[in-house]
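What follows is a single structure, written as structure tokens, with notes after it.
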Amino acid sequence: MAALGDLRVEENLRVKIGEAKNLPSHSVSNSGRNTFCAVRLDSEEIFRTTTIEKSLNPFYGEEFQGEIPKKFRFLSFYVYESSGKTEKVLGKVTLKKEELYKYHNKEHWFPLTHQDVDAEVQGKVHIEVRFDEYLNTNPESFASHRMTVRVLECSDLSVVNGSCNPYAVVTLSHDKSKHKDVKRTNVKKKTICPQFEETFFFDLENKGQNHDRTLYAFEDAFSGELSVSVWHDDSRVSREVLGHMFRGSFLGEVRIPLRGLDINTIHSAWYCLRGREHSKNHHQEMGSLRLKISYETDHIFLSHYYNDLRKFILQSPDVHPITSSAAYILGHIVDNRQECAQPLMKLFLHHDKLVPLVKCLADWEMSKTTDSNTFFRGNTLVTKMIDELMKLVGIPYLHDTLKPSISKVCSEQLACEIDSTRLKDGENINDNLTNLKNYVVDMVTAITNSGLVCPVIMREVFHALKEVATTHFPENAMIKYRVISSFVFLRFFAPAILGPKLFEIHAEPQATSIGRTLTLISKAVQGLVNVVSSKSVPFSVKEEYMIPLFDDLTETKFVDAIKMFLDIVSSPTGTHTQCFEAPIILKEGMLIKRAQGRKRFGLKNFKRRFFCLTNQSLSYSKTMNEKPLCSIPIEDILAVEKLEEESFKMKYMFQVIQPQHALYIQATNCVEEKQWLDILTKVCNTNKNRLQMYHPAAYMNNHWLCCKLADSNAPGCSPVSGGLPVTEMQIDVDSDREVEKIHSLFLTYMDKLDALQEACACQEVYSGDSFQQHSVVIDDTKSCYETLAEIQKHVISLEQAHKQYLKMLHKHTIVGSIDAPIGDESYGLGMSGTRL
């Protein structure tokens, strides 16, 4: 049974901010407004869109996704009007955390409401209340009752204009006498978690003189109310000069009816601060906002709870047929495949089993397809998994490849319209065509030069897809290009060129003309790729105005460059490369090398050789067409670095470091040296055994010239340059969390699992043939039935653990503690194991 502390909660928020409509116009001019939308968790802004100018129906079309690092009570969306340096709230949408499940993953129009500053609060306060008696000096009364209120501390208060100087006001209100006793704490400077530790005393029994209007009995005191309000001290003038005439900014309050307190015990509890609703009604319509909200909470146990389900899911590539595997079944019972594609992709990636799964799913999908032109064009499980993979590992690669070209387009803003019906006055279509062609060539060059830095896992997946495609259609030489380009161009580069802000490539707002230019560039790049992957050239063009551009672009050099790129990104280097594949030549030419081996005599060992670098090896021979004298596998290259000129008194030298020795090479000039260094570094930069340190000078006369060490095997004395490329940054995957997400999905669709299992049993009894139940194709009823039974066993077992933990948590929860403050309606939300 799980113990307290065996479970952690992770929250994720994804919102798509679509558009606003019917925003209020300016009362005088009735014109549009410059607006943007901001997202807040409680009072903290976490995202804002770009500003849309001069519109009362602005389309934002932006998305935010991220982990939620703290507890929150409200999710809010504010529509601001931006004018110069000022920002004014036009309206807002505020949702309680416990309401978010109603709108999960659904588009919804929300009415905008007026902003009420006093209603927008956060944080909590710790209060202690006790009742006692004390001796009274009044001879007519021996004892009196009093209430002691202790304001201990606050937590997570709002920040006002960049600061928070909080103080608390404690007020005791008496219903019958309408008398109020007010006390104040001292101000705490620059903190959102003030420690007050102040105590106040309130007499609950008075003997007034001369018919004092504040006279009340002890019992009447409990008809009153205790309130603790927290304020931000705005200025010293307000506090000292004006004598507290203006309290400052309201941060929240707590109201406690005295009748609910036990006079015999000390009441100590944390309370959530509440806002104050004003009675003023606003009748003006503020418009509405279209949002799609996805809020997920994952309640994750310790790792050993998931071992059985995780092991069973990871066996999916080994299940034959693949339609009887847990991964396939999950991908075909969910309503939205993206829900399961992401956790499945992350789980299999983390355990180095993604490539086998993709290969099995792609092989099955191709076996059911007769038209090669439709491969991977739909949103199947395998296409969604690859989409999610490219989003996860490919974004740095995308930035590295496209950002310079897109930034150039956005900064220069040259006219590129080539549709004669859309030309502006004064524009020349021939000049525009030249501008557009230059941008397209620049973009294509950036992409085709990036093949070697494409993330290794993407290359492995593309390689698996190419193998499957060529196996099913061996007679179609272009099928490998069509399959790979449908992912890397159609689903990766093209969307990024069209919407650079969505991929955080270009953050600044872009003009309509720039958007049109990027659209034309994307069309041109996709069209050029279609030329490469089609069997015959020319191919059909939908827009006639694009024909002159394609006439210029379909030159052999561009087609060959894209083919080379597609070959590279689908042919992993190192141990992943199959020996039967033809190597791809990356660079070749004459260089001067120093002889390898143990002989170190001098200049007579330098000889001219023809070097050839492929995606598999670096080799050299006496001349171009001769058999190589030496071939170094790419995975054996530990580093490629410059060699200090003093080593051999020669310029433009670099070294290719291998396990036993280094190969010293001289280029003819600095340009050639840089070219060889760059491409060799790209080829071997992701080798797992790559060195961290190296010797920048040669080993001569029984010592290293750089560090003077005599041992020829001494570790390097200088760090290698570059390090791990940005495109190969380590991806942190939480395997337990992904299994929990998969468990929650199986639990959500348990009815479908039951129906599928029953259908398998019936079909096995009658015929045992393959069949389709809803969208699930079953090739083998017996093995599928066994898989379904195993899934249900693991899912039910985990769900029982969740319920037991929830029961234990509720048993040990202390209402009024800092983790479960009074007034927190979201506490314990979603603890059943199902995600919201």
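The way I read the labels, and the way they are meant: chains A, B, ... in the order of the structure tokens, residue 1 as the first residue of every chain, and ligand 1 as the first ligand shown, with later ones counted on from there.
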
| task | Mind checking which residues fall within 8 Å of segment 371-388 of chain A, counting only C-alpha atoms, ignoring those fewer than 2 positions away in the same chain, and posting them as a PyMOL selection string? | result | chain A and resi 328+331-332+337-338+341-342+344-345+358+361-362+366+369+390-392+479+482-483+486-487+491-492

| message | Counting only C-alpha atoms, which residue out of A:His114, A:Lys346, A:Arg40, A:Arg255 sits closest to Pro24 of chain A? | response | A:His114

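Atom CA of Trp231 of chain A sits 24.5 Å away from atom CA of Phe77 of chain A.
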
| DSSP-assigned strand (DSSP E or B) among segment 270-491 of chain A, expressed as a PyMOL selection string | chain A and resi 270-272+274+288-301

Output file for the residues above (N, CA and C atoms, as a CSV table (one decimal), in the first residue's frame):
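See selection_29.csv below for the written result:
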```csv
chain,number,residue,atom,x,y,z
A,270,TRP,N,-5.0,28.1,8.8
A,270,TRP,CA,-4.7,28.9,7.6
A,270,TRP,C,-6.0,29.1,6.8
A,271,TYR,N,-6.2,30.3,6.3
A,271,TYR,CA,-7.4,30.6,5.5
A,271,TYR,C,-6.9,31.2,4.1
A,272,CYS,N,-7.7,30.8,3.1
A,272,CYS,CA,-7.4,31.4,1.8
A,272,CYS,C,-8.0,32.8,1.8
A,274,ARG,N,-9.9,36.0,0.5
A,274,ARG,CA,-11.0,36.2,-0.4
A,274,ARG,C,-11.0,37.6,-1.0
A,288,SER,N,-16.6,38.9,-26.4
A,288,SER,CA,-16.3,37.5,-25.9
A,288,SER,C,-15.0,37.1,-26.5
A,289,LEU,N,-14.5,36.0,-25.9
A,289,LEU,CA,-13.1,35.4,-26.3
A,289,LEU,C,-13.2,33.9,-26.5
A,290,ARG,N,-12.7,33.5,-27.7
A,290,ARG,CA,-12.7,32.1,-28.0
A,290,ARG,C,-11.4,31.4,-27.5
A,291,LEU,N,-11.6,30.4,-26.7
A,291,LEU,CA,-10.4,29.7,-26.0
A,291,LEU,C,-10.6,28.2,-26.1
A,292,LYS,N,-9.4,27.5,-26.2
A,292,LYS,CA,-9.4,26.1,-26.0
A,292,LYS,C,-8.4,25.7,-24.9
A,293,ILE,N,-9.0,25.2,-23.8
A,293,ILE,CA,-8.2,25.0,-22.6
A,293,ILE,C,-8.0,23.5,-22.3
A,294,SER,N,-6.8,23.1,-22.1
A,294,SER,CA,-6.5,21.8,-21.6
A,294,SER,C,-5.6,21.8,-20.4
A,295,TYR,N,-6.3,21.4,-19.3
A,295,TYR,CA,-5.6,21.4,-18.0
A,295,TYR,C,-5.5,20.0,-17.5
A,296,GLU,N,-4.3,19.5,-17.2
A,296,GLU,CA,-4.1,18.1,-16.8
A,296,GLU,C,-3.3,18.1,-15.5
A,297,THR,N,-3.8,17.2,-14.6
A,297,THR,CA,-3.1,16.9,-13.4
A,297,THR,C,-2.7,15.4,-13.4
A,298,ASP,N,-1.4,15.2,-13.2
A,298,ASP,CA,-0.9,13.8,-13.1
A,298,ASP,C,-0.5,13.5,-11.7
A,299,HIS,N,-1.1,12.5,-11.1
A,299,HIS,CA,-0.7,12.0,-9.7
A,299,HIS,C,0.1,10.8,-9.8
A,300,ILE,N,1.4,11.0,-9.6
A,300,ILE,CA,2.4,10.0,-9.9
A,300,ILE,C,3.0,9.4,-8.7
A,301,PHE,N,3.0,8.0,-8.7
A,301,PHE,CA,3.5,7.2,-7.6
A,301,PHE,C,5.0,7.1,-7.8
```

| request: Measure the distance from atom CA of Gly716 of chain A to atom CA of Ala639 of chain A in Å and round it to one decimal. | output: 11.3 Å

| request: Name the residues in contact with Gly515 of chain A at a cut-off of 9 Å, using only C-alpha atoms, excluding same-chain residues fewer than 4 positions from it; report them as a list in words. | output: Leu498, Gly499, Gln510, Ala511, Thr519 and Leu520 of chain A

| task | Excluding Thr49 of chain A and any residue of its chain fewer than 5 positions from it, enumerate the residues within 10 Å of it, using only C-alpha atoms, and give them as JSON, numbers by chain. | result | {"A": [17, 35, 36, 37, 38, 39, 60, 61, 62, 63, 64, 79, 507, 509]}

Create the file for the chosen residues now, containing C-alpha atoms and written as a short mmCIF file (atom, residue, chain, number, x, y, z; two decimals), in the first residue's frame.
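In the end it all went to again.cif:
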```cif
data_model
loop_
_atom_site.label_atom_id
_atom_site.label_comp_id
_atom_site.auth_asym_id
_atom_site.auth_seq_id
_atom_site.Cartn_x
_atom_site.Cartn_y
_atom_site.Cartn_z
CA ILE A 17 -6.16 31.76 -27.70
CA THR A 35 -5.36 44.79 -28.32
CA PHE A 36 -3.54 41.77 -26.95
CA CYS A 37 -4.52 38.92 -24.65
CA ALA A 38 -2.63 37.97 -21.47
CA VAL A 39 -2.87 34.76 -19.44
CA TYR A 60 -4.77 36.18 -32.02
CA GLY A 61 -4.22 32.56 -33.07
CA GLU A 62 -1.54 31.80 -30.49
CA GLU A 63 -0.87 28.90 -28.15
CA PHE A 64 0.79 28.53 -24.76
CA VAL A 79 -7.88 41.52 -23.09
CA ALA A 507 8.84 36.74 -31.67
CA PRO A 509 4.64 40.85 -34.70
#
```

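Of the listed residues (A:Pro257, A:Leu112, A:Cys410, A:Gly162), A:Cys410 comes nearest to Glu508 of chain A; the distances count only C-alpha atoms.
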
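Contact shell of Val409 of chain A at 9 Å (only C-alpha atoms; same-chain neighbours under 3 positions omitted): Pro404, Ser405, Ile406, Glu412, Gln413, Leu414, Tyr439, Ile514, Thr517 and Leu518 of chain A.
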
Selection above as a file: C-alpha atoms, as a short mmCIF file (atom, residue, chain, number, x, y, z; two decimals), in the first residue's frame:
```cif
data_model
loop_
_atom_site.label_atom_id
_atom_site.label_comp_id
_atom_site.auth_asym_id
_atom_site.auth_seq_id
_atom_site.Cartn_x
_atom_site.Cartn_y
_atom_site.Cartn_z
CA PRO A 404 18.69 33.59 -39.91
CA SER A 405 16.69 33.31 -43.15
CA ILE A 406 13.33 34.19 -41.56
CA GLU A 412 14.20 43.59 -45.07
CA GLN A 413 10.46 43.41 -45.87
CA LEU A 414 11.09 43.37 -49.63
CA TYR A 439 14.60 34.37 -50.37
CA ILE A 514 5.60 39.48 -44.42
CA THR A 517 5.99 36.47 -48.35
CA LEU A 518 6.48 33.56 -45.95
#
```

| message | Excluding Arg608 of chain A and its own-chain neighbours fewer than 6 positions away, which residues fall within 8 Å of it when counting only C-alpha atoms? Please give them as a ChimeraX atom specification. | response | /A:590-593,622

Keeping only all heavy atoms, write the selected residues to a file as a PDB file, in the first residue's frame.
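Contents of out.pdb, as written:
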```
ATOM      1  N   MET A 590      41.920  17.014 -52.542  1.00  0.00           N
ATOM      2  CA  MET A 590      43.334  16.739 -52.251  1.00  0.00           C
ATOM      3  C   MET A 590      43.770  17.515 -51.014  1.00  0.00           C
ATOM      4  O   MET A 590      43.530  18.712 -50.896  1.00  0.00           O
ATOM      5  CB  MET A 590      44.203  17.109 -53.438  1.00  0.00           C
ATOM      6  CG  MET A 590      43.969  16.281 -54.693  1.00  0.00           C
ATOM      7  SD  MET A 590      44.339  14.513 -54.494  1.00  0.00           S
ATOM      8  CE  MET A 590      46.091  14.547 -54.159  1.00  0.00           C
ATOM      9  N   LEU A 591      44.422  16.821 -50.088  1.00  0.00           N
ATOM     10  CA  LEU A 591      44.986  17.412 -48.883  1.00  0.00           C
ATOM     11  C   LEU A 591      46.362  16.810 -48.641  1.00  0.00           C
ATOM     12  O   LEU A 591      46.740  15.808 -49.250  1.00  0.00           O
ATOM     13  CB  LEU A 591      44.080  17.146 -47.669  1.00  0.00           C
ATOM     14  CG  LEU A 591      42.667  17.715 -47.701  1.00  0.00           C
ATOM     15  CD1 LEU A 591      41.851  17.141 -46.551  1.00  0.00           C
ATOM     16  CD2 LEU A 591      42.693  19.236 -47.629  1.00  0.00           C
ATOM     17  N   ILE A 592      47.109  17.423 -47.728  1.00  0.00           N
ATOM     18  CA  ILE A 592      48.415  16.887 -47.341  1.00  0.00           C
ATOM     19  C   ILE A 592      48.278  16.282 -45.961  1.00  0.00           C
ATOM     20  O   ILE A 592      47.742  16.906 -45.048  1.00  0.00           O
ATOM     21  CB  ILE A 592      49.482  18.001 -47.344  1.00  0.00           C
ATOM     22  CG1 ILE A 592      49.628  18.579 -48.746  1.00  0.00           C
ATOM     23  CG2 ILE A 592      50.812  17.474 -46.841  1.00  0.00           C
ATOM     24  CD1 ILE A 592      50.541  19.784 -48.817  1.00  0.00           C
ATOM     25  N   LYS A 593      48.765  15.072 -45.811  1.00  0.00           N
ATOM     26  CA  LYS A 593      48.659  14.397 -44.511  1.00  0.00           C
ATOM     27  C   LYS A 593      50.025  13.951 -44.024  1.00  0.00           C
ATOM     28  O   LYS A 593      50.960  13.735 -44.801  1.00  0.00           O
ATOM     29  CB  LYS A 593      47.734  13.184 -44.614  1.00  0.00           C
ATOM     30  CG  LYS A 593      48.367  12.002 -45.311  1.00  0.00           C
ATOM     31  CD  LYS A 593      47.849  10.694 -44.762  1.00  0.00           C
ATOM     32  CE  LYS A 593      48.707   9.537 -45.262  1.00  0.00           C
ATOM     33  NZ  LYS A 593      49.855   9.271 -44.396  1.00  0.00           N
ATOM     34  N   LYS A 622      45.746   7.460 -52.995  1.00  0.00           N
ATOM     35  CA  LYS A 622      46.759   8.221 -53.730  1.00  0.00           C
ATOM     36  C   LYS A 622      46.126   9.169 -54.732  1.00  0.00           C
ATOM     37  O   LYS A 622      46.544  10.314 -54.876  1.00  0.00           O
ATOM     38  CB  LYS A 622      47.715   7.266 -54.437  1.00  0.00           C
ATOM     39  CG  LYS A 622      48.666   6.541 -53.492  1.00  0.00           C
ATOM     40  CD  LYS A 622      49.674   5.712 -54.265  1.00  0.00           C
ATOM     41  CE  LYS A 622      50.661   5.042 -53.314  1.00  0.00           C
ATOM     42  NZ  LYS A 622      51.688   4.252 -54.055  1.00  0.00           N
TER      43      LYS A 622
END
```

| task | Run DSSP on the backbone and grab whatever in segment 585-818 of chain A lands in alpha helix (DSSP H); send it over as a ChimeraX atom specification. | result | /A:670-684,735-748,750-766,781-812

| request: Find the residues near Ile429 of chain A: any atom within 10 Å, counting only C-alpha atoms, skip ones fewer than 2 places away on the same chain, and give them as a PyMOL selection string. | output: chain A and resi 415-420+423-424+426-427+431-435

Once you have the residues from the selection above, write them out as a PDB file, in the first residue's frame, restricted to N, CA, C and O atoms.
```pdb
ATOM      1  N   ALA A 415       9.298  43.566 -51.245  1.00  0.00           N
ATOM      2  CA  ALA A 415       8.061  43.164 -51.920  1.00  0.00           C
ATOM      3  C   ALA A 415       8.305  41.868 -52.682  1.00  0.00           C
ATOM      4  O   ALA A 415       9.260  41.764 -53.457  1.00  0.00           O
ATOM      5  N   CYS A 416       7.439  40.869 -52.481  1.00  0.00           N
ATOM      6  CA  CYS A 416       7.627  39.556 -53.103  1.00  0.00           C
ATOM      7  C   CYS A 416       6.345  39.039 -53.756  1.00  0.00           C
ATOM      8  O   CYS A 416       6.305  37.860 -54.145  1.00  0.00           O
ATOM      9  N   GLU A 417       5.317  39.850 -53.871  1.00  0.00           N
ATOM     10  CA  GLU A 417       4.061  39.378 -54.445  1.00  0.00           C
ATOM     11  C   GLU A 417       4.233  39.123 -55.948  1.00  0.00           C
ATOM     12  O   GLU A 417       4.675  39.991 -56.690  1.00  0.00           O
ATOM     13  N   ILE A 418       3.891  37.887 -56.386  1.00  0.00           N
ATOM     14  CA  ILE A 418       4.019  37.543 -57.810  1.00  0.00           C
ATOM     15  C   ILE A 418       2.667  37.211 -58.434  1.00  0.00           C
ATOM     16  O   ILE A 418       2.603  36.813 -59.597  1.00  0.00           O
ATOM     17  N   ASP A 419       1.601  37.366 -57.664  1.00  0.00           N
ATOM     18  CA  ASP A 419       0.254  37.216 -58.203  1.00  0.00           C
ATOM     19  C   ASP A 419      -0.186  38.584 -58.716  1.00  0.00           C
ATOM     20  O   ASP A 419      -0.343  39.532 -57.941  1.00  0.00           O
ATOM     21  N   SER A 420      -0.363  38.694 -60.026  1.00  0.00           N
ATOM     22  CA  SER A 420      -0.661  39.994 -60.629  1.00  0.00           C
ATOM     23  C   SER A 420      -1.941  40.616 -60.081  1.00  0.00           C
ATOM     24  O   SER A 420      -2.094  41.835 -60.077  1.00  0.00           O
ATOM     25  N   LEU A 423      -0.951  42.670 -56.761  1.00  0.00           N
ATOM     26  CA  LEU A 423       0.128  43.651 -56.761  1.00  0.00           C
ATOM     27  C   LEU A 423      -0.364  44.997 -56.241  1.00  0.00           C
ATOM     28  O   LEU A 423      -1.483  45.431 -56.532  1.00  0.00           O
ATOM     29  N   LYS A 424       0.508  45.683 -55.497  1.00  0.00           N
ATOM     30  CA  LYS A 424       0.200  47.028 -55.024  1.00  0.00           C
ATOM     31  C   LYS A 424       0.684  48.040 -56.056  1.00  0.00           C
ATOM     32  O   LYS A 424       1.521  47.738 -56.904  1.00  0.00           O
ATOM     33  N   GLY A 426       2.711  50.629 -57.936  1.00  0.00           N
ATOM     34  CA  GLY A 426       4.138  50.924 -57.969  1.00  0.00           C
ATOM     35  C   GLY A 426       5.040  49.700 -57.913  1.00  0.00           C
ATOM     36  O   GLY A 426       6.258  49.819 -58.057  1.00  0.00           O
ATOM     37  N   GLU A 427       4.468  48.519 -57.670  1.00  0.00           N
ATOM     38  CA  GLU A 427       5.282  47.308 -57.612  1.00  0.00           C
ATOM     39  C   GLU A 427       5.511  46.740 -59.009  1.00  0.00           C
ATOM     40  O   GLU A 427       4.628  46.800 -59.878  1.00  0.00           O
ATOM     41  N   ASP A 431      10.667  42.445 -60.471  1.00  0.00           N
ATOM     42  CA  ASP A 431      11.495  42.715 -59.280  1.00  0.00           C
ATOM     43  C   ASP A 431      11.048  41.855 -58.105  1.00  0.00           C
ATOM     44  O   ASP A 431      11.872  41.323 -57.351  1.00  0.00           O
ATOM     45  N   ASN A 432       9.737  41.736 -57.952  1.00  0.00           N
ATOM     46  CA  ASN A 432       9.210  40.906 -56.865  1.00  0.00           C
ATOM     47  C   ASN A 432       9.630  39.457 -57.033  1.00  0.00           C
ATOM     48  O   ASN A 432       9.953  38.768 -56.057  1.00  0.00           O
ATOM     49  N   LEU A 433       9.608  38.971 -58.286  1.00  0.00           N
ATOM     50  CA  LEU A 433      10.007  37.588 -58.554  1.00  0.00           C
ATOM     51  C   LEU A 433      11.466  37.364 -58.179  1.00  0.00           C
ATOM     52  O   LEU A 433      11.822  36.335 -57.598  1.00  0.00           O
ATOM     53  N   THR A 434      12.303  38.339 -58.491  1.00  0.00           N
ATOM     54  CA  THR A 434      13.729  38.238 -58.129  1.00  0.00           C
ATOM     55  C   THR A 434      13.899  38.211 -56.617  1.00  0.00           C
ATOM     56  O   THR A 434      14.667  37.402 -56.078  1.00  0.00           O
ATOM     57  N   ASN A 435      13.176  39.093 -55.927  1.00  0.00           N
ATOM     58  CA  ASN A 435      13.263  39.113 -54.459  1.00  0.00           C
ATOM     59  C   ASN A 435      12.826  37.780 -53.869  1.00  0.00           C
ATOM     60  O   ASN A 435      13.489  37.231 -52.965  1.00  0.00           O
TER      61      ASN A 435
END
```

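If only C-alpha atoms are the atoms counted, then among A:Leu258, A:Leu663, A:Ile742, A:Val440 the closest residue to Leu638 of chain A is A:Leu663.
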
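In this model, the gap between atom CA of His794 of chain A and atom CA of His104 of chain A comes to 26.1 Å.
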
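Minimum atom-to-atom distances from A:Lys688, A:His304, A:Lys807, A:Lys563 to Val529 of chain A were compared using only C-alpha atoms, and the lowest value belongs to A:Lys563.
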
Please identify every residue of segment 258-323 of chain A that has at least one atom no farther than 9 Å from an atom of segment 797-800 of chain A, counting only C-alpha atoms, and for each give the shortest atom pair and the distance in Å to one decimal, arranged by chain then increasing number, as a Markdown table.
```
| residue | atom | partner | partner_atom | distance |
| --- | --- | --- | --- | --- |
| A:Tyr305 | CA | A:Leu798 | CA | 7.4 |
| A:Tyr306 | CA | A:Leu798 | CA | 7.9 |
| A:Leu309 | CA | A:Leu798 | CA | 8.9 |
```
